[in-house]
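Reading through the structure tokens given below for one structure.
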Amino acid sequence: MINIGRYNIWSYHHLAYLVIPTNIGWKSNMDNVMGAGLAKQVATRYPNIPNALGWLYKSGKHNCHVMEQLKLIFFPVKPLARNPAMSWSQPASLSLIEESARDLGTIVLTSLVVVPHVGCGNGGLDWNEVKPILDKYLDHRFLQIDPL
């Protein structure tokens with residue numbers, strides 16, 4: 001994974017796929033809970049995404065999800081809570097980040113992928129714990145961006 005410094009991740013959207021950290025959970029209307037950080041920005045930009053993602057997660061598909069047309073990759077960082085609507089309130093999980101990174105590293109894509117500090121915002125993890133996990137699975141196709 002190559003560090004490209006501090007930038008607004010959206011400035012790379014025309015050039016690369018963007019990794020969006022998510023939680024595995026859904027509200028009663030089946031929308032994925034996307035209330036903070038990049039997930040919230042996606043929900044604002046693309047109002048249909050929360051429902052599509054909620055249904056995927058409810059169906060048991062807890063891996064990374066690529067939305068080719070939008071050049072977005074949803075990367076689970078928070079596991080399913082006993083009450084799925086409360087998944088957002090949990091801390092991010094290093095083991096789930098490792099599963100997601102392993103999955104992401106196997107996906108064949110036609111362009112670069114920009115990866116933020118997954119699990120380190122609302123997820124509460126320390127980047128020094130997360131980065132070695134990502135480095136283990138993500139190669140030169142992945143650009144790591146520092147938050148502004």
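Convention: chains lettered A, B, ... in structure tokens order; per-chain residue numbering from 1; ligands numbered from 1 as shown.
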
Polymer residues at most 12 Å from A:Ser11, only C-alpha atoms, same-chain spacing of 5 or more positions, as a PDB file with C-alpha atoms, in the first residue's frame:
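Just written: out-v6.pdb:
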ATOM      1  CA  ARG A   6      -3.344  14.208   3.254  1.00  0.00           C
ATOM      2  CA  ALA A  16      -9.823   5.464  -8.462  1.00  0.00           C
ATOM      3  CA  TYR A  17     -12.228   3.358  -6.461  1.00  0.00           C
ATOM      4  CA  LEU A  18     -12.873   4.676  -2.968  1.00  0.00           C
ATOM      5  CA  VAL A 114      -7.902   4.789  -2.359  1.00  0.00           C
ATOM      6  CA  ILE A 145      -4.775   8.521   2.161  1.00  0.00           C
TER       7      ILE A 145
END

Give me, as a PyMOL selection string, all polymer residues having an atom no more than 9 Å from A:Ala52, counting only C-alpha atoms and skipping those fewer than 6 positions away in the same chain. chain A and resi 30-32

If you run DSSP on the backbone, which residues of stretch 10-113 of chain A are strand (DSSP E), as a ChimeraX atom specification? /A:17-23,65-67,72-78,113

Go ahead and write the residues just picked, C-alpha atoms, as a short mmCIF file (atom, residue, chain, number, x, y, z; two decimals), in the first residue's frame.
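Contents of selection_23.cif, freshly written:
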data_model
loop_
_atom_site.label_atom_id
_atom_site.label_comp_id
_atom_site.auth_asym_id
_atom_site.auth_seq_id
_atom_site.Cartn_x
_atom_site.Cartn_y
_atom_site.Cartn_z
CA TYR A 17 -12.23 3.36 -6.46
CA LEU A 18 -12.87 4.68 -2.97
CA VAL A 19 -12.99 2.39 0.08
CA ILE A 20 -15.88 3.30 2.38
CA PRO A 21 -15.81 1.91 5.94
CA THR A 22 -19.19 0.55 7.04
CA ASN A 23 -20.83 -1.39 9.84
CA HIS A 65 -19.00 -5.01 -1.75
CA VAL A 66 -17.90 -3.34 -4.96
CA MET A 67 -20.32 -0.98 -6.69
CA LEU A 72 -17.12 2.53 -4.40
CA ILE A 73 -16.02 -0.41 -2.27
CA PHE A 74 -17.82 -0.94 1.03
CA PHE A 75 -15.44 -2.27 3.66
CA PRO A 76 -16.98 -3.63 6.89
CA VAL A 77 -15.20 -2.47 10.05
CA LYS A 78 -17.92 -2.87 12.71
CA VAL A 113 -8.10 2.01 -4.96
#

Expected answer as an NGL selection string: alpha helix (DSSP H) residues in chain A: :A and (37-45 or 49-58 or 94-106 or 127-137)

Taking into account only C-alpha atoms, which residue in the set A:Met86, A:Asp139, A:Thr106, A:Leu94 is nearest to A:Asp126? A:Leu94

Closest to A:Gln41 among A:Trp10, A:Val115, A:Met1, A:Pro91, using only C-alpha atoms?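 Smallest separation from A:Gln41 among the options: A:Trp10.
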